[in-house]
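Novice: What follows is the file target-v1.tsv, containing TSV, C-alpha atoms:
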```tsv
chain	number	residue	atom	x	y	z
A	1	MET	CA	4.07	90.03	-45.57
A	2	ASP	CA	5.35	92.69	-43.19
A	3	LYS	CA	2.93	92.73	-40.26
A	4	ARG	CA	4.24	96.15	-39.26
A	5	ALA	CA	2.29	97.66	-42.18
A	6	THR	CA	-0.63	97.99	-39.73
A	7	LEU	CA	1.24	100.97	-38.27
A	8	ALA	CA	1.54	102.77	-41.61
A	9	GLY	CA	-0.94	105.42	-40.56
A	10	TRP	CA	1.25	106.35	-37.60
A	11	LEU	CA	4.62	106.16	-39.27
A	12	THR	CA	4.19	107.70	-42.73
A	13	THR	CA	3.26	111.37	-42.90
A	14	GLY	CA	5.09	112.57	-45.98
A	15	THR	CA	6.89	115.07	-43.78
A	16	THR	CA	10.47	115.86	-44.75
A	17	PRO	CA	12.59	114.97	-41.72
A	18	SER	CA	14.65	117.59	-39.94
A	19	ALA	CA	17.46	117.37	-37.42
A	20	SER	CA	16.12	116.20	-34.09
A	21	ASP	CA	17.06	117.37	-30.65
A	22	GLU	CA	19.08	114.92	-28.57
A	23	HIS	CA	16.67	112.57	-26.82
A	24	PHE	CA	17.30	110.47	-23.73
A	25	ALA	CA	15.66	107.21	-22.66
A	26	PRO	CA	16.54	105.39	-19.43
A	27	SER	CA	17.62	101.81	-19.24
A	28	ASN	CA	15.27	99.59	-17.27
A	29	ILE	CA	15.65	96.53	-15.12
A	30	ALA	CA	12.79	94.04	-15.24
A	31	LEU	CA	11.58	92.79	-11.88
A	32	CYS	CA	9.19	90.45	-13.69
A	33	LYS	CA	11.06	89.36	-16.82
A	34	TYR	CA	10.09	89.35	-20.48
A	35	TRP	CA	11.30	86.05	-21.88
A	36	GLY	CA	9.70	84.54	-24.98
A	37	LYS	CA	7.77	85.92	-27.95
A	38	ARG	CA	4.40	84.98	-29.37
A	39	ASP	CA	5.29	86.90	-32.54
A	40	GLN	CA	8.90	87.31	-33.67
A	41	GLN	CA	8.37	90.09	-36.20
A	42	LEU	CA	6.31	92.32	-33.91
A	43	ASN	CA	8.20	91.45	-30.70
A	44	LEU	CA	4.98	90.45	-28.95
A	45	PRO	CA	5.66	88.84	-25.56
A	46	VAL	CA	4.40	85.56	-24.17
A	47	ASN	CA	3.89	87.25	-20.79
A	48	ALA	CA	3.42	90.70	-19.31
A	49	SER	CA	6.38	92.19	-17.44
A	50	LEU	CA	7.26	94.93	-14.99
A	51	SER	CA	10.40	97.04	-14.68
A	52	VAL	CA	11.97	99.95	-12.87
A	53	SER	CA	14.07	102.50	-14.74
A	54	LEU	CA	17.69	103.31	-13.96
A	55	GLY	CA	17.47	107.08	-13.62
A	56	HIS	CA	20.30	108.81	-15.47
A	57	LEU	CA	21.67	105.58	-16.99
A	58	GLY	CA	20.52	105.01	-20.54
A	59	THR	CA	20.95	106.27	-24.09
A	60	HIS	CA	21.19	109.70	-25.72
A	61	THR	CA	20.38	109.82	-29.45
A	62	ARG	CA	20.18	112.48	-32.15
A	63	LEU	CA	19.22	112.23	-35.85
A	64	VAL	CA	20.44	114.48	-38.65
A	65	PRO	CA	19.29	113.93	-42.27
A	66	ILE	CA	22.25	113.56	-44.64
A	67	ASP	CA	22.63	113.45	-48.41
A	68	TYR	CA	24.56	110.17	-48.37
A	69	PRO	CA	23.78	106.82	-50.02
A	70	ALA	CA	23.52	105.10	-46.62
A	71	ASP	CA	23.02	105.84	-42.95
A	72	GLU	CA	26.05	106.94	-40.93
A	73	ILE	CA	25.91	105.55	-37.43
A	74	TRP	CA	28.09	106.62	-34.53
A	75	LEU	CA	28.07	104.70	-31.26
A	76	ASN	CA	29.89	106.12	-28.25
A	77	GLY	CA	32.04	108.35	-30.46
A	78	GLU	CA	33.01	105.60	-32.93
A	79	LYS	CA	31.77	105.47	-36.53
A	80	LEU	CA	30.55	101.95	-37.28
A	81	VAL	CA	30.80	100.11	-40.58
A	82	PRO	CA	27.38	99.78	-42.29
A	83	SER	CA	27.64	95.97	-42.27
A	84	ALA	CA	27.78	95.83	-38.46
A	85	PRO	CA	24.71	94.06	-36.97
A	86	PHE	CA	24.03	97.12	-34.79
A	87	CYS	CA	23.90	99.36	-37.89
A	88	GLN	CA	21.64	96.96	-39.73
A	89	ARG	CA	19.14	96.95	-36.85
A	90	ILE	CA	19.15	100.74	-36.66
A	91	SER	CA	18.69	101.16	-40.42
A	92	ALA	CA	15.92	98.56	-40.53
A	93	PHE	CA	14.09	100.48	-37.81
A	94	LEU	CA	14.50	103.77	-39.68
A	95	ASP	CA	13.12	102.12	-42.83
A	96	LEU	CA	9.73	101.99	-41.11
A	97	PHE	CA	9.50	105.77	-41.29
A	98	ARG	CA	11.22	106.86	-44.47
A	99	ASN	CA	11.52	106.45	-48.17
A	100	PRO	CA	14.92	104.71	-48.14
A	101	ASP	CA	15.75	106.01	-51.62
A	102	HIS	CA	15.62	109.63	-50.55
A	103	CYS	CA	16.35	109.86	-46.87
A	104	HIS	CA	19.32	108.78	-44.80
A	105	PHE	CA	20.52	109.86	-41.38
A	106	ARG	CA	23.56	110.43	-39.29
A	107	VAL	CA	22.61	108.68	-36.07
A	108	THR	CA	24.66	109.77	-33.07
A	109	THR	CA	24.01	107.61	-30.06
A	110	ARG	CA	25.86	107.16	-26.80
A	111	ASN	CA	25.21	104.82	-23.91
A	112	SER	CA	25.99	105.56	-20.29
A	113	ILE	CA	25.81	101.80	-19.66
A	114	PRO	CA	27.81	98.96	-21.29
A	115	THR	CA	26.43	97.94	-24.68
A	116	ALA	CA	24.97	94.42	-25.08
A	117	ALA	CA	26.15	93.22	-21.67
A	118	GLY	CA	22.80	92.38	-20.09
A	119	LEU	CA	22.16	95.90	-18.79
A	120	ALA	CA	19.32	96.70	-21.23
A	121	SER	CA	21.23	98.97	-23.59
A	122	SER	CA	19.08	97.92	-26.55
A	123	ALA	CA	15.96	98.87	-24.59
A	124	SER	CA	17.12	102.41	-23.90
A	125	GLY	CA	18.70	102.59	-27.36
A	126	PHE	CA	15.57	101.90	-29.37
A	127	ALA	CA	13.41	103.98	-27.03
A	128	ALA	CA	15.71	106.98	-27.53
A	129	LEU	CA	15.73	106.33	-31.29
A	130	ALA	CA	11.92	106.23	-31.36
A	131	LEU	CA	11.79	109.56	-29.53
A	132	ALA	CA	14.29	111.10	-31.97
A	133	VAL	CA	12.36	109.80	-35.01
A	134	ASN	CA	9.12	111.17	-33.57
A	135	ASP	CA	10.82	114.56	-33.31
A	136	SER	CA	12.54	114.44	-36.72
A	137	PHE	CA	9.38	113.48	-38.65
A	138	ALA	CA	7.02	115.56	-36.42
A	139	LEU	CA	4.82	112.49	-35.88
A	140	GLN	CA	3.36	113.74	-32.59
A	141	LEU	CA	2.78	110.23	-31.29
A	142	SER	CA	1.49	109.67	-27.77
A	143	LYS	CA	3.69	107.87	-25.26
A	144	GLU	CA	1.61	104.70	-25.63
A	145	GLN	CA	2.04	104.85	-29.42
A	146	LEU	CA	5.77	105.49	-29.01
A	147	SER	CA	5.92	102.47	-26.74
A	148	VAL	CA	4.45	100.29	-29.51
A	149	VAL	CA	6.90	101.76	-32.04
A	150	ALA	CA	9.95	101.29	-29.78
A	151	ARG	CA	8.88	97.67	-29.20
A	152	LEU	CA	9.45	96.97	-32.92
A	153	GLY	CA	13.16	97.68	-32.43
A	154	SER	CA	13.56	95.83	-29.12
A	155	GLY	CA	10.81	94.38	-26.98
A	156	SER	CA	12.03	95.86	-23.70
A	157	ALA	CA	12.37	99.28	-25.35
A	158	CYS	CA	8.63	99.76	-24.95
A	159	ARG	CA	9.23	100.11	-21.19
A	160	SER	CA	12.07	102.64	-21.60
A	161	ILE	CA	9.69	105.25	-23.04
A	162	PHE	CA	8.58	105.76	-19.42
A	163	SER	CA	10.38	106.22	-16.09
A	164	GLY	CA	9.85	104.71	-12.67
A	165	PHE	CA	7.85	101.50	-12.34
A	166	VAL	CA	6.55	100.43	-15.75
A	167	GLU	CA	4.26	97.56	-16.74
A	168	TRP	CA	4.40	96.12	-20.27
A	169	GLN	CA	0.95	94.81	-21.07
A	170	MET	CA	1.30	91.69	-23.20
A	171	GLY	CA	-1.83	92.40	-25.22
A	172	HIS	CA	-3.89	89.92	-27.22
A	173	ARG	CA	-4.39	91.52	-30.64
A	174	GLU	CA	-2.57	89.92	-33.55
A	175	ASP	CA	-1.45	93.34	-34.82
A	176	GLY	CA	0.14	94.14	-31.43
A	177	LEU	CA	-1.47	97.54	-31.01
A	178	ASP	CA	-2.54	96.67	-27.46
A	179	SER	CA	0.94	95.47	-26.46
A	180	HIS	CA	2.59	98.53	-24.93
A	181	ALA	CA	3.89	99.83	-21.65
A	182	LEU	CA	2.19	102.02	-19.07
A	183	ALA	CA	3.81	103.86	-16.17
A	184	LEU	CA	2.64	102.98	-12.67
A	185	GLN	CA	1.94	106.02	-10.52
A	186	ASN	CA	3.59	104.51	-7.43
A	187	ARG	CA	6.89	105.93	-6.19
A	188	TRP	CA	9.36	104.35	-3.77
A	189	PRO	CA	11.89	107.01	-2.69
A	190	GLY	CA	13.97	104.63	-0.56
A	191	LEU	CA	14.39	101.93	-3.19
A	192	CYS	CA	17.97	101.43	-4.37
A	193	ILE	CA	19.52	99.43	-7.17
A	194	GLY	CA	23.18	98.48	-7.12
A	195	LEU	CA	24.89	97.48	-10.37
A	196	ILE	CA	27.46	94.70	-10.01
A	197	LYS	CA	29.39	94.56	-13.29
A	198	VAL	CA	30.87	91.08	-13.48
A	199	ASP	CA	31.66	91.42	-17.19
A	200	ALA	CA	30.80	94.38	-19.44
A	201	SER	CA	31.83	92.71	-22.71
A	202	VAL	CA	29.36	91.87	-25.48
A	203	LYS	CA	27.40	88.67	-24.81
A	204	ALA	CA	28.24	85.59	-26.87
A	205	THR	CA	24.51	84.90	-27.37
A	206	ASP	CA	22.22	87.90	-27.76
A	207	SER	CA	18.91	87.98	-25.92
A	208	ARG	CA	16.83	87.59	-29.08
A	209	SER	CA	18.59	84.36	-30.07
A	210	GLY	CA	18.63	83.06	-26.50
A	211	MET	CA	14.93	83.69	-26.10
A	212	GLN	CA	14.10	81.77	-29.26
A	213	ARG	CA	16.32	78.82	-28.31
A	214	THR	CA	14.62	78.60	-24.92
A	215	VAL	CA	11.10	78.66	-26.36
A	216	GLU	CA	11.94	76.02	-28.98
A	217	THR	CA	13.94	73.53	-26.88
A	218	ALA	CA	13.14	73.85	-23.15
A	219	HIS	CA	10.14	71.84	-21.95
A	220	LEU	CA	10.58	73.62	-18.63
A	221	TYR	CA	9.56	76.84	-20.40
A	222	GLN	CA	5.93	75.69	-20.45
A	223	SER	CA	5.59	76.68	-16.79
A	224	TRP	CA	7.11	80.14	-17.30
A	225	PRO	CA	4.00	82.15	-18.41
A	226	LEU	CA	1.98	81.03	-15.37
A	227	GLN	CA	4.76	81.91	-12.95
A	228	ALA	CA	5.38	85.27	-14.62
A	229	ALA	CA	1.69	86.16	-14.34
A	230	SER	CA	1.69	85.28	-10.64
A	231	ASP	CA	4.95	87.15	-10.00
A	232	LEU	CA	3.61	90.25	-11.75
A	233	GLN	CA	0.63	90.43	-9.40
A	234	GLN	CA	2.82	89.92	-6.33
A	235	LEU	CA	5.20	92.67	-7.46
A	236	LYS	CA	2.35	95.12	-7.99
A	237	GLN	CA	1.05	94.23	-4.53
A	238	ALA	CA	4.53	94.79	-3.07
A	239	ILE	CA	4.88	98.16	-4.80
A	240	THR	CA	1.48	99.34	-3.59
A	241	ALA	CA	2.23	98.30	0.00
A	242	GLN	CA	5.96	99.16	-0.22
A	243	ASP	CA	6.64	95.67	1.08
A	244	PHE	CA	10.35	95.31	0.33
A	245	GLU	CA	10.69	91.68	1.41
A	246	LEU	CA	7.90	90.66	-1.00
A	247	LEU	CA	9.36	92.79	-3.80
A	248	GLY	CA	12.88	91.42	-3.42
A	249	ARG	CA	11.90	87.79	-2.94
A	250	THR	CA	9.57	87.81	-5.93
A	251	ALA	CA	12.03	89.60	-8.23
A	252	GLU	CA	14.91	87.27	-7.31
A	253	HIS	CA	12.78	84.15	-7.73
A	254	ASN	CA	11.50	85.41	-11.08
A	255	ALA	CA	15.03	86.02	-12.39
A	256	LEU	CA	16.32	82.62	-11.25
A	257	SER	CA	13.29	80.90	-12.79
A	258	MET	CA	13.97	82.62	-16.13
A	259	HIS	CA	17.59	81.46	-16.03
A	260	ALA	CA	16.39	77.94	-15.17
A	261	THR	CA	14.51	77.81	-18.48
A	262	MET	CA	17.73	78.85	-20.23
A	263	LEU	CA	19.70	76.09	-18.49
A	264	ALA	CA	17.02	73.63	-19.65
A	265	SER	CA	17.50	74.69	-23.28
A	266	TRP	CA	19.61	72.78	-25.76
A	267	PRO	CA	22.39	73.53	-26.21
A	268	PRO	CA	22.33	74.85	-22.62
A	269	LEU	CA	22.26	78.62	-22.40
A	270	VAL	CA	24.35	79.90	-19.50
A	271	TYR	CA	24.87	83.64	-19.14
A	272	TRP	CA	26.37	83.31	-15.66
A	273	GLN	CA	30.08	83.40	-15.06
A	274	PRO	CA	31.94	82.07	-12.01
A	275	ASP	CA	31.94	85.54	-10.43
A	276	SER	CA	28.18	85.79	-10.99
A	277	LEU	CA	27.61	82.68	-8.88
A	278	LYS	CA	30.13	83.88	-6.31
A	279	MET	CA	28.11	87.10	-5.90
A	280	MET	CA	24.85	85.16	-5.56
A	281	HIS	CA	26.27	83.08	-2.72
A	282	LYS	CA	27.57	86.21	-1.02
A	283	ILE	CA	24.13	87.84	-1.22
A	284	TRP	CA	22.40	84.74	0.16
A	285	LYS	CA	24.86	84.62	3.06
A	286	LEU	CA	24.40	88.34	3.82
A	287	ARG	CA	20.64	87.91	3.79
A	288	GLN	CA	20.88	84.89	6.06
A	289	ASP	CA	22.90	87.08	8.44
A	290	GLY	CA	20.14	89.71	8.51
A	291	LEU	CA	20.96	92.19	5.71
A	292	PRO	CA	17.79	92.74	3.61
A	293	ILE	CA	19.24	92.53	0.11
A	294	TYR	CA	18.13	90.69	-3.03
A	295	PHE	CA	19.25	90.54	-6.64
A	296	THR	CA	17.91	90.23	-10.15
A	297	MET	CA	19.67	89.33	-13.41
A	298	ASP	CA	18.78	89.78	-17.05
A	299	ALA	CA	20.29	87.78	-19.93
A	300	GLY	CA	23.87	88.46	-18.96
A	301	PRO	CA	26.41	87.86	-16.17
A	302	ASN	CA	25.82	91.11	-14.28
A	303	LEU	CA	23.78	91.36	-11.08
A	304	LYS	CA	21.49	94.17	-10.00
A	305	LEU	CA	21.11	94.41	-6.23
A	306	LEU	CA	17.82	95.46	-4.68
A	307	PHE	CA	17.89	97.10	-1.25
A	308	GLU	CA	16.56	100.14	0.61
A	309	SER	CA	18.41	103.33	1.48
A	310	THR	CA	18.39	102.38	5.18
A	311	SER	CA	20.83	99.56	4.26
A	312	LEU	CA	22.97	101.65	1.90
A	313	GLU	CA	25.99	102.07	4.18
A	314	GLU	CA	26.34	98.36	4.90
A	315	VAL	CA	25.67	97.31	1.28
A	316	MET	CA	28.33	99.78	0.08
A	317	ARG	CA	30.76	98.31	2.61
A	318	GLN	CA	30.11	94.81	1.24
A	319	PHE	CA	30.17	95.88	-2.44
A	320	PRO	CA	32.43	98.96	-2.63
A	321	ASP	CA	32.71	98.87	-6.44
A	322	MET	CA	29.00	98.83	-7.23
A	323	GLU	CA	27.20	101.77	-8.83
A	324	VAL	CA	24.10	102.86	-6.90
A	325	ILE	CA	20.94	104.20	-8.50
A	326	GLN	CA	17.92	105.46	-6.61
A	327	PRO	CA	15.20	105.64	-9.30
A	328	PHE	CA	12.93	107.94	-7.27
A	329	GLY	CA	15.51	110.30	-5.81
A	330	ASP	CA	19.21	110.90	-5.24
A	331	VAL	CA	21.18	108.84	-2.77
```
I'd like the structure from this file rewritten - as structure tokens, please.
Specialist:
Amino acid sequence: MDKRATLAGWLTTGTTPSASDEHFAPSNIALCKYWGKRDQQLNLPVNASLSVSLGHLGTHTRLVPIDYPADEIWLNGEKLVPSAPFCQRISAFLDLFRNPDHCHFRVTTRNSIPTAAGLASSASGFAALALAVNDSFALQLSKEQLSVVARLGSGSACRSIFSGFVEWQMGHREDGLDSHALALQNRWPGLCIGLIKVDASVKATDSRSGMQRTVETAHLYQSWPLQAASDLQQLKQAITAQDFELLGRTAEHNALSMHATMLASWPPLVYWQPDSLKMMHKIWKLRQDGLPIYFTMDAGPNLKLLFESTSLEEVMRQFPDMEVIQPFGDV
């Protein structure tokens, strides 16, 4: 039984789809991570999470109905073969909205971040796709409803419907209708994120598979939901007070704790590469020497630095190749 049938009233209108405008959704970096599902089909999380969006970095997507026997999917200017896993995920998502015998699409999507490299491209991708579908089928869904819909494609996509600081409420309903994101009203103009791209290639183990392996094999994972809940409250406190030390310390500890559950899985799941660890040691040494800088990492080798604009000049001197994003204003 497809549990997503609960959403039939939202997703099926009988409206003939039209070409959508191009829609953008930002990538997001979780400060309190989402790791583990209580429902695989609905992408319902074991714990609530909190993220900050990456401004102009994300995904642009447009839909055009076509009279073809299958969807035609273009990613970053390249037409993909229908059997590609990426195409299958996109088509499966579109099946929620259409009569597959009579409606196919040309999906044109482009990422301004590396695809499947631990920089949340699937989050922005499915959020942008949800926005485009909402436009094409004239569904007129609210942002909270769109967040639920985007979650069906990729869990973290529910947060990319919004910008700024975003909390994904885990919810408790079996149908998942209360598991969606909400934007926090707090802004932090001086907050900066620096992207350290250790390796932009596609990950050997995707997040979905890695998550499931961790839940099934790591006894250490049993402590994760309690820590995540505590970290979430500390991060919200830090954001309200604009306490950077508390924000950075909590986010870094949360990320390392998530990766610890991966290391405790079997077979061990290690997304780090030697240069990842080298960067961690450099950051710890800089912080020991007085530079207020922290990092977070998702399921990939790349680091995201957290610092304030008052430290920008020195951080740029230490990491001249990083890309800097200021989510609440230009640097």
Novice: When you look at Gly210 of chain A with a cut-off of 9 Å (counting all atoms listed in the file), what residues show up, excluding the ones that are within fewer than 4 positions of it in the same chain? I need them as a ChimeraX atom specification.
Specialist: /A:205-206,214-215,262,269,299
Novice: Rank nothing, just name the residue among A:Leu57, A:Met322, A:Leu277, A:Leu182 nearest to Ile113 of chain A, using only C-alpha atoms.
Specialist: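 Smallest distance to Ile113 of chain A is found for A:Leu57.
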Novice: Quick one: residues within 10 Å of Leu131 of chain A, only C-alpha atoms, excluding same-chain residues fewer than 5 positions away - as number ranges by chain?
Specialist: A: 20-25, 61-62, 126, 136, 139-141, 143, 146-147, 149-150, 161
Novice: Atom CA of Ala138 of chain A and atom CA of Ile73 of chain A are how many Å apart?
Specialist: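 That distance, rounded to one decimal, is 21.4 Å.
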Novice: Could you work out how far atom CA of Gln145 of chain A lies from atom CA of Val64 of chain A, giving the answer in Å with one decimal?
Specialist: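 For atom CA of Val64 of chain A relative to atom CA of Gln145 of chain A, the distance reads 22.7 Å.
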Novice: Find, counting all atoms listed in the file, the residue in A:Pro292, A:His180, A:Asp135, A:Met297 that gets nearest to Asp243 of chain A.
Specialist: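 Using all atoms listed in the file, the shortest distance to Asp243 of chain A belongs to A:Pro292.
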Novice: Mind giving me the straight-line distance from atom CA of Ser265 of chain A to atom CA of Thr217 of chain A in Å, one decimal?
Specialist: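 Here the two named atoms are 5.2 Å from each other.
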Novice: Excluding Val107 of chain A and its own-chain neighbours fewer than 3 positions away, which residues fall within 10 Å of it when counting all atoms listed in the file? Please give them as a CSV table (one decimal) with C-alpha atoms, keeping the file's coordinate frame.
Specialist:
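That gives us result.csv:
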```csv
chain,number,residue,atom,x,y,z
A,61,THR,CA,20.4,109.8,-29.4
A,62,ARG,CA,20.2,112.5,-32.2
A,63,LEU,CA,19.2,112.2,-35.8
A,64,VAL,CA,20.4,114.5,-38.6
A,65,PRO,CA,19.3,113.9,-42.3
A,66,ILE,CA,22.2,113.6,-44.6
A,71,ASP,CA,23.0,105.8,-43.0
A,72,GLU,CA,26.0,106.9,-40.9
A,73,ILE,CA,25.9,105.6,-37.4
A,74,TRP,CA,28.1,106.6,-34.5
A,75,LEU,CA,28.1,104.7,-31.3
A,79,LYS,CA,31.8,105.5,-36.5
A,87,CYS,CA,23.9,99.4,-37.9
A,90,ILE,CA,19.2,100.7,-36.7
A,91,SER,CA,18.7,101.2,-40.4
A,104,HIS,CA,19.3,108.8,-44.8
A,110,ARG,CA,25.9,107.2,-26.8
A,129,LEU,CA,15.7,106.3,-31.3
A,132,ALA,CA,14.3,111.1,-32.0
```
Novice: Which residues come within 9 Å of Pro267 of chain A, counting all atoms listed in the file, excluding same-chain residues fewer than 3 positions away, as an mmCIF file with C-alpha atoms, in the coordinates of the input?
Specialist:
```
data_model
loop_
_atom_site.group_PDB
_atom_site.id
_atom_site.type_symbol
_atom_site.label_atom_id
_atom_site.label_comp_id
_atom_site.auth_asym_id
_atom_site.auth_seq_id
_atom_site.Cartn_x
_atom_site.Cartn_y
_atom_site.Cartn_z
ATOM 1 C CA ARG A 213 16.320 78.820 -28.310
ATOM 2 C CA THR A 217 13.940 73.530 -26.880
ATOM 3 C CA LEU A 263 19.700 76.090 -18.490
ATOM 4 C CA ALA A 264 17.020 73.630 -19.650
#
```
Novice: Find the residue from A:Ile239, A:Gln185, A:Leu96, A:Gly155 that sits nearest to Phe137 of chain A; use all atoms listed in the file when measuring.
Specialist: A:Leu96
Novice: Would you list the contacts of Ser51 of chain A as a JSON list (two decimals) with C-alpha atoms, keeping the file's coordinate frame, taking every protein, DNA or RNA residue within 7 Å and counting all atoms listed in the file, but skipping same-chain residues closer than 5 positions in sequence?
Specialist:
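Listed below is the output, out39.json:
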```json
[["chain", "number", "residue", "atom", "x", "y", "z"],
["A", 28, "ASN", "CA", 15.27, 99.59, -17.27],
["A", 29, "ILE", "CA", 15.65, 96.53, -15.12],
["A", 30, "ALA", "CA", 12.79, 94.04, -15.24],
["A", 31, "LEU", "CA", 11.58, 92.79, -11.88],
["A", 32, "CYS", "CA", 9.19, 90.45, -13.69],
["A", 165, "PHE", "CA", 7.85, 101.50, -12.34],
["A", 166, "VAL", "CA", 6.55, 100.43, -15.75],
["A", 167, "GLU", "CA", 4.26, 97.56, -16.74]]
```
